[in-house]
Structures are given as C-alpha cells and as structure tokens.
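Novice: Take a look at final-v2.tsv, TSV, N, CA and C atoms:
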chain	number	residue	atom	x	y	z
A	1	MET	N	-25.54	145.15	5.88
A	1	MET	CA	-24.88	143.85	6.01
A	1	MET	C	-23.39	144.00	6.32
A	2	TRP	N	-22.79	145.11	5.84
A	2	TRP	CA	-21.37	145.31	6.07
A	2	TRP	C	-21.05	145.38	7.56
A	3	ILE	N	-21.97	145.91	8.34
A	3	ILE	CA	-21.72	146.06	9.77
A	3	ILE	C	-21.61	144.69	10.46
A	4	VAL	N	-22.37	143.72	9.98
A	4	VAL	CA	-22.28	142.37	10.54
A	4	VAL	C	-20.88	141.81	10.30
A	5	PHE	N	-20.38	141.97	9.07
A	5	PHE	CA	-19.04	141.48	8.76
A	5	PHE	C	-17.98	142.25	9.54
A	6	ALA	N	-18.18	143.55	9.73
A	6	ALA	CA	-17.23	144.34	10.51
A	6	ALA	C	-17.19	143.87	11.96
A	7	LEU	N	-18.35	143.60	12.53
A	7	LEU	CA	-18.40	143.10	13.91
A	7	LEU	C	-17.78	141.71	14.02
A	8	LEU	N	-18.06	140.85	13.05
A	8	LEU	CA	-17.43	139.53	13.03
A	8	LEU	C	-15.91	139.65	12.91
A	9	SER	N	-15.46	140.60	12.11
A	9	SER	CA	-14.03	140.85	11.98
A	9	SER	C	-13.42	141.21	13.32
A	10	ALA	N	-14.10	142.06	14.08
A	10	ALA	CA	-13.61	142.45	15.41
A	10	ALA	C	-13.54	141.25	16.35
A	11	VAL	N	-14.57	140.41	16.31
A	11	VAL	CA	-14.59	139.22	17.16
A	11	VAL	C	-13.44	138.28	16.79
A	12	PHE	N	-13.28	138.03	15.48
A	12	PHE	CA	-12.21	137.14	15.06
A	12	PHE	C	-10.83	137.74	15.33
A	13	ALA	N	-10.69	139.06	15.20
A	13	ALA	CA	-9.42	139.71	15.52
A	13	ALA	C	-9.10	139.54	17.00
A	14	ALA	N	-10.11	139.66	17.84
A	14	ALA	CA	-9.90	139.46	19.28
A	14	ALA	C	-9.47	138.03	19.56
A	15	LEU	N	-10.14	137.08	18.94
A	15	LEU	CA	-9.76	135.67	19.10
A	15	LEU	C	-8.34	135.43	18.59
A	16	THR	N	-8.00	136.09	17.49
A	16	THR	CA	-6.65	135.95	16.92
A	16	THR	C	-5.60	136.32	17.95
A	17	SER	N	-5.83	137.43	18.65
A	17	SER	CA	-4.85	137.90	19.63
A	17	SER	C	-4.68	136.91	20.77
A	18	ILE	N	-5.78	136.42	21.30
A	18	ILE	CA	-5.71	135.50	22.43
A	18	ILE	C	-5.12	134.16	22.01
A	19	LEU	N	-5.59	133.62	20.90
A	19	LEU	CA	-5.09	132.34	20.42
A	19	LEU	C	-3.61	132.43	20.05
A	20	ALA	N	-3.23	133.55	19.46
A	20	ALA	CA	-1.83	133.74	19.08
A	20	ALA	C	-0.93	133.83	20.31
A	21	LYS	N	-1.36	134.57	21.31
A	21	LYS	CA	-0.56	134.71	22.53
A	21	LYS	C	-0.29	133.34	23.15
A	22	ILE	N	-1.31	132.49	23.16
A	22	ILE	CA	-1.14	131.14	23.70
A	22	ILE	C	-0.25	130.31	22.77
A	23	GLY	N	-0.46	130.44	21.46
A	23	GLY	CA	0.25	129.62	20.48
A	23	GLY	C	1.72	129.94	20.30
A	24	ILE	N	2.13	131.18	20.55
A	24	ILE	CA	3.54	131.54	20.31
A	24	ILE	C	4.44	131.25	21.50
A	25	GLU	N	3.86	130.75	22.55
A	25	GLU	CA	4.67	130.47	23.74
A	25	GLU	C	5.75	129.44	23.41
A	26	GLY	N	6.98	129.85	23.54
A	26	GLY	CA	8.10	128.94	23.36
A	26	GLY	C	8.57	128.74	21.93
A	27	ILE	N	8.00	129.49	20.96
A	27	ILE	CA	8.49	129.37	19.59
A	27	ILE	C	8.83	130.75	19.03
A	28	ASN	N	9.62	130.78	18.00
A	28	ASN	CA	10.03	132.01	17.36
A	28	ASN	C	8.81	132.71	16.77
A	29	SER	N	8.69	134.02	16.98
A	29	SER	CA	7.51	134.76	16.51
A	29	SER	C	7.43	134.78	14.98
A	30	ASN	N	8.58	134.79	14.28
A	30	ASN	CA	8.56	134.76	12.82
A	30	ASN	C	8.03	133.43	12.30
A	31	LEU	N	8.42	132.35	12.96
A	31	LEU	CA	7.91	131.02	12.59
A	31	LEU	C	6.41	130.96	12.83
A	32	ALA	N	5.97	131.50	13.95
A	32	ALA	CA	4.54	131.51	14.26
A	32	ALA	C	3.76	132.31	13.21
A	33	THR	N	4.32	133.44	12.79
A	33	THR	CA	3.67	134.25	11.76
A	33	THR	C	3.59	133.48	10.45
A	34	ALA	N	4.65	132.78	10.10
A	34	ALA	CA	4.65	132.00	8.85
A	34	ALA	C	3.59	130.91	8.88
A	35	ILE	N	3.48	130.23	10.02
A	35	ILE	CA	2.45	129.17	10.14
A	35	ILE	C	1.06	129.78	9.99
A	36	ARG	N	0.82	130.88	10.68
A	36	ARG	CA	-0.48	131.56	10.60
A	36	ARG	C	-0.76	131.97	9.16
A	37	THR	N	0.27	132.48	8.49
A	37	THR	CA	0.08	132.97	7.12
A	37	THR	C	-0.30	131.84	6.17
A	38	VAL	N	0.31	130.69	6.33
A	38	VAL	CA	-0.04	129.53	5.49
A	38	VAL	C	-1.51	129.17	5.68
A	39	VAL	N	-1.95	129.18	6.92
A	39	VAL	CA	-3.36	128.87	7.21
A	39	VAL	C	-4.28	129.91	6.54
A	40	VAL	N	-3.90	131.19	6.64
A	40	VAL	CA	-4.70	132.25	6.02
A	40	VAL	C	-4.74	132.08	4.51
A	41	VAL	N	-3.60	131.77	3.90
A	41	VAL	CA	-3.54	131.58	2.44
A	41	VAL	C	-4.45	130.43	2.01
A	42	ILE	N	-4.37	129.32	2.71
A	42	ILE	CA	-5.23	128.16	2.37
A	42	ILE	C	-6.70	128.53	2.53
A	43	MET	N	-7.03	129.22	3.61
A	43	MET	CA	-8.42	129.61	3.85
A	43	MET	C	-8.92	130.59	2.77
A	44	ALA	N	-8.08	131.58	2.42
A	44	ALA	CA	-8.48	132.58	1.43
A	44	ALA	C	-8.69	131.95	0.05
A	45	TRP	N	-7.73	131.11	-0.38
A	45	TRP	CA	-7.89	130.45	-1.67
A	45	TRP	C	-9.03	129.45	-1.66
A	46	GLY	N	-9.26	128.83	-0.52
A	46	GLY	CA	-10.41	127.94	-0.39
A	46	GLY	C	-11.71	128.70	-0.64
A	47	MET	N	-11.82	129.90	-0.10
A	47	MET	CA	-13.02	130.71	-0.32
A	47	MET	C	-13.15	131.14	-1.78
A	48	VAL	N	-12.00	131.45	-2.43
A	48	VAL	CA	-12.02	131.82	-3.85
A	48	VAL	C	-12.61	130.68	-4.67
A	49	PHE	N	-12.13	129.45	-4.43
A	49	PHE	CA	-12.61	128.31	-5.21
A	49	PHE	C	-14.02	127.91	-4.81
A	50	LEU	N	-14.34	128.04	-3.54
A	50	LEU	CA	-15.69	127.71	-3.07
A	50	LEU	C	-16.75	128.62	-3.70
A	51	THR	N	-16.38	129.88	-3.91
A	51	THR	CA	-17.32	130.86	-4.49
A	51	THR	C	-17.11	131.03	-5.99
A	52	HIS	N	-16.24	130.22	-6.58
A	52	HIS	CA	-15.95	130.25	-8.02
A	52	HIS	C	-15.50	131.64	-8.48
A	53	SER	N	-14.68	132.29	-7.67
A	53	SER	CA	-14.20	133.64	-7.99
A	53	SER	C	-12.89	133.64	-8.78
A	54	GLN	N	-12.28	132.49	-8.95
A	54	GLN	CA	-10.99	132.41	-9.62
A	54	GLN	C	-11.03	132.89	-11.07
A	55	SER	N	-12.20	132.89	-11.67
A	55	SER	CA	-12.32	133.33	-13.07
A	55	SER	C	-12.03	134.82	-13.22
A	56	GLY	N	-12.04	135.57	-12.12
A	56	GLY	CA	-11.77	137.00	-12.18
A	56	GLY	C	-10.30	137.36	-12.23
A	57	LEU	N	-9.40	136.38	-12.09
A	57	LEU	CA	-7.96	136.66	-12.09
A	57	LEU	C	-7.47	137.43	-13.32
A	58	PRO	N	-7.84	137.01	-14.54
A	58	PRO	CA	-7.33	137.72	-15.72
A	58	PRO	C	-7.83	139.17	-15.83
A	59	GLU	N	-8.89	139.49	-15.15
A	59	GLU	CA	-9.48	140.84	-15.25
A	59	GLU	C	-8.83	141.85	-14.32
A	60	ILE	N	-7.91	141.42	-13.47
A	60	ILE	CA	-7.29	142.32	-12.51
A	60	ILE	C	-6.27	143.21	-13.23
A	61	SER	N	-6.42	144.51	-13.05
A	61	SER	CA	-5.54	145.48	-13.72
A	61	SER	C	-4.15	145.49	-13.10
A	62	LYS	N	-3.19	146.05	-13.84
A	62	LYS	CA	-1.82	146.17	-13.35
A	62	LYS	C	-1.79	147.02	-12.08
A	63	LYS	N	-2.54	148.11	-12.08
A	63	LYS	CA	-2.60	148.99	-10.90
A	63	LYS	C	-3.12	148.22	-9.69
A	64	SER	N	-4.17	147.43	-9.87
A	64	SER	CA	-4.71	146.64	-8.76
A	64	SER	C	-3.68	145.64	-8.26
A	65	TRP	N	-2.97	144.97	-9.19
A	65	TRP	CA	-1.94	144.02	-8.79
A	65	TRP	C	-0.89	144.70	-7.92
A	66	ILE	N	-0.42	145.86	-8.37
A	66	ILE	CA	0.62	146.59	-7.63
A	66	ILE	C	0.15	146.92	-6.22
A	67	PHE	N	-1.06	147.49	-6.11
A	67	PHE	CA	-1.54	147.90	-4.80
A	67	PHE	C	-1.92	146.72	-3.91
A	68	LEU	N	-2.40	145.64	-4.50
A	68	LEU	CA	-2.67	144.44	-3.70
A	68	LEU	C	-1.37	143.82	-3.18
A	69	ILE	N	-0.33	143.84	-4.00
A	69	ILE	CA	0.96	143.32	-3.56
A	69	ILE	C	1.53	144.20	-2.45
A	70	LEU	N	1.45	145.52	-2.63
A	70	LEU	CA	1.92	146.44	-1.59
A	70	LEU	C	1.13	146.25	-0.30
A	71	SER	N	-0.18	146.05	-0.42
A	71	SER	CA	-1.02	145.79	0.74
A	71	SER	C	-0.61	144.50	1.43
A	72	GLY	N	-0.30	143.48	0.64
A	72	GLY	CA	0.16	142.21	1.20
A	72	GLY	C	1.48	142.36	1.94
A	73	LEU	N	2.38	143.16	1.39
A	73	LEU	CA	3.66	143.42	2.06
A	73	LEU	C	3.43	144.15	3.39
A	74	ALA	N	2.52	145.12	3.37
A	74	ALA	CA	2.20	145.86	4.60
A	74	ALA	C	1.57	144.92	5.63
A	75	THR	N	0.69	144.03	5.17
A	75	THR	CA	0.08	143.06	6.07
A	75	THR	C	1.14	142.15	6.68
A	76	GLY	N	2.04	141.66	5.84
A	76	GLY	CA	3.10	140.79	6.34
A	76	GLY	C	3.96	141.50	7.38
A	77	ALA	N	4.34	142.73	7.10
A	77	ALA	CA	5.15	143.50	8.06
A	77	ALA	C	4.38	143.71	9.36
A	78	SER	N	3.09	144.02	9.23
A	78	SER	CA	2.25	144.22	10.41
A	78	SER	C	2.18	142.95	11.24
A	79	TRP	N	1.95	141.82	10.61
A	79	TRP	CA	1.83	140.55	11.32
A	79	TRP	C	3.14	140.18	12.01
A	80	LEU	N	4.28	140.37	11.31
A	80	LEU	CA	5.57	140.05	11.92
A	80	LEU	C	5.81	140.91	13.16
A	81	CYS	N	5.52	142.20	13.04
A	81	CYS	CA	5.70	143.11	14.19
A	81	CYS	C	4.72	142.77	15.30
A	82	TYR	N	3.49	142.47	14.93
A	82	TYR	CA	2.45	142.16	15.91
A	82	TYR	C	2.80	140.91	16.72
A	83	TYR	N	3.22	139.87	16.03
A	83	TYR	CA	3.55	138.62	16.72
A	83	TYR	C	4.77	138.80	17.62
A	84	ARG	N	5.73	139.58	17.16
A	84	ARG	CA	6.91	139.83	17.99
A	84	ARG	C	6.50	140.62	19.24
A	85	ALA	N	5.69	141.64	19.06
A	85	ALA	CA	5.22	142.43	20.20
A	85	ALA	C	4.40	141.57	21.15
A	86	LEU	N	3.55	140.72	20.58
A	86	LEU	CA	2.71	139.85	21.40
A	86	LEU	C	3.54	138.84	22.19
A	87	GLN	N	4.61	138.38	21.58
A	87	GLN	CA	5.48	137.44	22.28
A	87	GLN	C	6.22	138.12	23.43
A	88	MET	N	6.55	139.39	23.25
A	88	MET	CA	7.34	140.11	24.24
A	88	MET	C	6.49	140.79	25.32
A	89	GLY	N	5.25	141.14	24.96
A	89	GLY	CA	4.43	141.92	25.88
A	89	GLY	C	3.11	141.26	26.20
A	90	ASP	N	2.35	141.92	27.06
A	90	ASP	CA	1.02	141.44	27.43
A	90	ASP	C	0.02	141.74	26.31
A	91	ALA	N	-0.84	140.78	26.02
A	91	ALA	CA	-1.86	140.98	24.99
A	91	ALA	C	-2.73	142.19	25.31
A	92	SER	N	-3.00	142.40	26.59
A	92	SER	CA	-3.85	143.52	27.00
A	92	SER	C	-3.21	144.88	26.75
A	93	LYS	N	-1.91	144.90	26.47
A	93	LYS	CA	-1.22	146.14	26.15
A	93	LYS	C	-0.86	146.23	24.67
A	94	VAL	N	-0.51	145.10	24.09
A	94	VAL	CA	-0.13	145.09	22.67
A	94	VAL	C	-1.34	145.40	21.78
A	95	VAL	N	-2.46	144.78	22.08
A	95	VAL	CA	-3.64	144.92	21.22
A	95	VAL	C	-4.15	146.36	21.14
A	96	PRO	N	-4.28	147.09	22.25
A	96	PRO	CA	-4.73	148.48	22.13
A	96	PRO	C	-3.79	149.34	21.27
A	97	ILE	N	-2.48	149.11	21.41
A	97	ILE	CA	-1.54	149.87	20.59
A	97	ILE	C	-1.72	149.51	19.12
A	98	ASP	N	-1.90	148.23	18.84
A	98	ASP	CA	-2.15	147.77	17.47
A	98	ASP	C	-3.40	148.45	16.89
A	99	LYS	N	-4.39	148.67	17.74
A	99	LYS	CA	-5.64	149.26	17.26
A	99	LYS	C	-5.53	150.76	17.00
A	100	LEU	N	-4.37	151.35	17.31
A	100	LEU	CA	-4.13	152.72	16.88
A	100	LEU	C	-4.14	152.80	15.35
A	101	SER	N	-4.10	151.64	14.71
A	101	SER	CA	-4.20	151.60	13.25
A	101	SER	C	-5.49	152.27	12.78
A	102	VAL	N	-6.51	152.28	13.62
A	102	VAL	CA	-7.77	152.97	13.27
A	102	VAL	C	-7.50	154.45	13.08
A	103	VAL	N	-6.78	155.05	14.00
A	103	VAL	CA	-6.47	156.48	13.93
A	103	VAL	C	-5.58	156.76	12.72
A	104	ILE	N	-4.55	155.93	12.55
A	104	ILE	CA	-3.63	156.11	11.44
A	104	ILE	C	-4.36	155.95	10.11
A	105	THR	N	-5.28	154.98	10.03
A	105	THR	CA	-6.06	154.77	8.81
A	105	THR	C	-6.91	155.99	8.48
A	106	LEU	N	-7.55	156.56	9.49
A	106	LEU	CA	-8.38	157.75	9.26
A	106	LEU	C	-7.54	158.90	8.71
A	107	VAL	N	-6.35	159.11	9.27
A	107	VAL	CA	-5.48	160.18	8.80
A	107	VAL	C	-5.01	159.89	7.37
A	108	LEU	N	-4.59	158.66	7.11
A	108	LEU	CA	-4.14	158.30	5.75
A	108	LEU	C	-5.28	158.39	4.74
A	109	ALA	N	-6.48	158.01	5.14
A	109	ALA	CA	-7.64	158.11	4.24
A	109	ALA	C	-7.93	159.56	3.90
A	110	PHE	N	-7.74	160.44	4.86
A	110	PHE	CA	-7.94	161.87	4.63
A	110	PHE	C	-6.87	162.40	3.66
A	111	VAL	N	-5.61	162.04	3.90
A	111	VAL	CA	-4.50	162.57	3.10
A	111	VAL	C	-4.49	161.98	1.69
A	112	PHE	N	-4.59	160.66	1.57
A	112	PHE	CA	-4.40	160.01	0.27
A	112	PHE	C	-5.69	159.73	-0.50
A	113	LEU	N	-6.78	159.47	0.22
A	113	LEU	CA	-8.04	159.14	-0.45
A	113	LEU	C	-9.01	160.31	-0.46
A	114	HIS	N	-8.61	161.40	0.18
A	114	HIS	CA	-9.42	162.62	0.26
A	114	HIS	C	-10.79	162.36	0.87
A	115	GLU	N	-10.82	161.44	1.83
A	115	GLU	CA	-12.06	161.18	2.55
A	115	GLU	C	-12.29	162.28	3.56
A	116	GLU	N	-13.53	162.47	3.92
A	116	GLU	CA	-13.91	163.55	4.81
A	116	GLU	C	-13.44	163.28	6.24
A	117	PHE	N	-12.85	164.30	6.84
A	117	PHE	CA	-12.45	164.24	8.26
A	117	PHE	C	-13.43	165.14	8.99
A	118	THR	N	-14.35	164.54	9.70
A	118	THR	CA	-15.41	165.28	10.37
A	118	THR	C	-15.07	165.51	11.85
A	119	VAL	N	-15.87	166.35	12.48
A	119	VAL	CA	-15.72	166.57	13.91
A	119	VAL	C	-15.87	165.24	14.64
A	120	LYS	N	-16.83	164.44	14.19
A	120	LYS	CA	-17.06	163.13	14.80
A	120	LYS	C	-15.84	162.22	14.67
A	121	SER	N	-15.20	162.21	13.51
A	121	SER	CA	-14.03	161.35	13.34
A	121	SER	C	-12.84	161.88	14.13
A	122	ILE	N	-12.71	163.18	14.25
A	122	ILE	CA	-11.63	163.76	15.05
A	122	ILE	C	-11.83	163.38	16.52
A	123	ILE	N	-13.06	163.51	17.01
A	123	ILE	CA	-13.36	163.13	18.40
A	123	ILE	C	-13.07	161.64	18.61
A	124	GLY	N	-13.47	160.82	17.64
A	124	GLY	CA	-13.21	159.38	17.73
A	124	GLY	C	-11.72	159.08	17.80
A	125	CYS	N	-10.93	159.77	16.97
A	125	CYS	CA	-9.47	159.58	16.98
A	125	CYS	C	-8.88	159.96	18.33
A	126	VAL	N	-9.33	161.08	18.86
A	126	VAL	CA	-8.82	161.53	20.16
A	126	VAL	C	-9.19	160.53	21.25
A	127	LEU	N	-10.42	160.05	21.21
A	127	LEU	CA	-10.86	159.08	22.22
A	127	LEU	C	-10.11	157.75	22.11
A	128	ILE	N	-9.88	157.29	20.90
A	128	ILE	CA	-9.13	156.06	20.71
A	128	ILE	C	-7.70	156.25	21.22
A	129	GLY	N	-7.10	157.38	20.87
A	129	GLY	CA	-5.75	157.67	21.36
A	129	GLY	C	-5.68	157.74	22.87
A	130	ALA	N	-6.64	158.44	23.47
A	130	ALA	CA	-6.69	158.55	24.94
A	130	ALA	C	-6.95	157.19	25.58
A	131	GLY	N	-7.85	156.43	25.00
A	131	GLY	CA	-8.14	155.10	25.52
A	131	GLY	C	-6.94	154.18	25.45
A	132	THR	N	-6.20	154.27	24.37
A	132	THR	CA	-4.99	153.48	24.22
A	132	THR	C	-3.98	153.84	25.31
A	133	LEU	N	-3.79	155.13	25.52
A	133	LEU	CA	-2.87	155.57	26.56
A	133	LEU	C	-3.29	155.05	27.94
A	134	CYS	N	-4.58	155.13	28.22
A	134	CYS	CA	-5.09	154.64	29.51
A	134	CYS	C	-4.84	153.14	29.69
A	135	MET	N	-4.97	152.39	28.61
A	135	MET	CA	-4.85	150.93	28.70
A	135	MET	C	-3.41	150.46	28.82
A	136	VAL	N	-2.48	151.21	28.26
A	136	VAL	CA	-1.09	150.73	28.26
A	136	VAL	C	-0.25	151.30	29.38
A	137	MET	N	-0.76	152.28	30.07
A	137	MET	CA	0.03	152.88	31.17
A	137	MET	C	-0.32	152.26	32.50
Could you spell out this file's structure in structure tokens?

Specialist:
Amino acid sequence: MWIVFALLSAVFAALTSILAKIGIEGINSNLATAIRTVVVVIMAWGMVFLTHSQSGLPEISKKSWIFLILSGLATGASWLCYYRALQMGDASKVVPIDKLSVVITLVLAFVFLHEEFTVKSIIGCVLIGAGTLCMVM
C-alpha cells in the first residue's frame, strides 16, 4: 500500500511544481510560500481532526518534538528556496535539481541512519545525478 501513496506523492509533487510556477507569477516568492504553507497547515490539521488523531499529542516524546520541529524548519527552508528558484528559473530545470534530494537522502540515510547502501542504490544515485545533469544543461 505504501507504493500507492508514494506514487500519489510524486503526482501531487509534480502538480505542485506546475501550479506553483503559474501561481507565483508577479508576486514575491516568500509571500507565495507563506500562502502555500497556510493551506498545508489547514489541510494537515484537518486530516488530524478528521481521523481523530489529536489524542496522540500528549504521547509525543521530547526527542520526537525536537526532530519534528527541526524537520519542519528544513521543510520551510526547502520551500522558500524552491519557490525562489521556481520564480527565477524554468520549472523543467528547477524540479530535476530539487529531486537531487533523493541522492542526498540516500547518502544521509547511510551516514546517520546506518541504512544499507547497495550496488543498486549507488547505480540509482549515479543515474539520478546523470539524469539531472542532462536535464539542466
């Protein structure tokens, strides 16, 4: 089932890029990011209340809070940079560079989470890197 959600994530991410490129025309990229973020916050909390997940708030550990906050800060920084790049450049070039996050994630997962780095994942990283270079040049 996870693969269905992963594929839907890719589809929605693609739509995000196209819709954002159209939406940021003529407005400040930071303002556009803030508007998008408000929509995401409302949608996320809506899902929490729709699924009655809010009761889990008191059970969240201090460590989880810290890492979720750090993750949120990283997401915010990523979105601000992404929207600025999207405003300045072509979506067809910005998006492939943004997707280098796959390669960076694999390396960070190996270093910090001690996840396995296989021949297959190394080949995938090289191909993603090469594909990115081909698309932006």

Novice: Counting only C-alpha atoms, which residue out of A:Ser17, A:Thr132, A:Thr118, A:Ser64 sits closest to A:Pro96?

Specialist: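 Result for the nearest residue to A:Pro96: A:Thr132.
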
Novice: One number please: atom N of A:Ala20 to atom CA of A:Trp2, in Å, one decimal.

Specialist: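 Between atom N of A:Ala20 and atom CA of A:Trp2 the gap works out to 25.4 Å.
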
Novice: Excluding stretch 88-90 of chain A and its own-chain neighbours fewer than 4 positions away, which residues fall within 12 Å of it when counting only C-alpha atoms? Please give them as a VMD selection string.

Specialist: chain A and resid 17 to 18 20 to 22 24 to 29 81 to 84 94 to 97 135 to 136
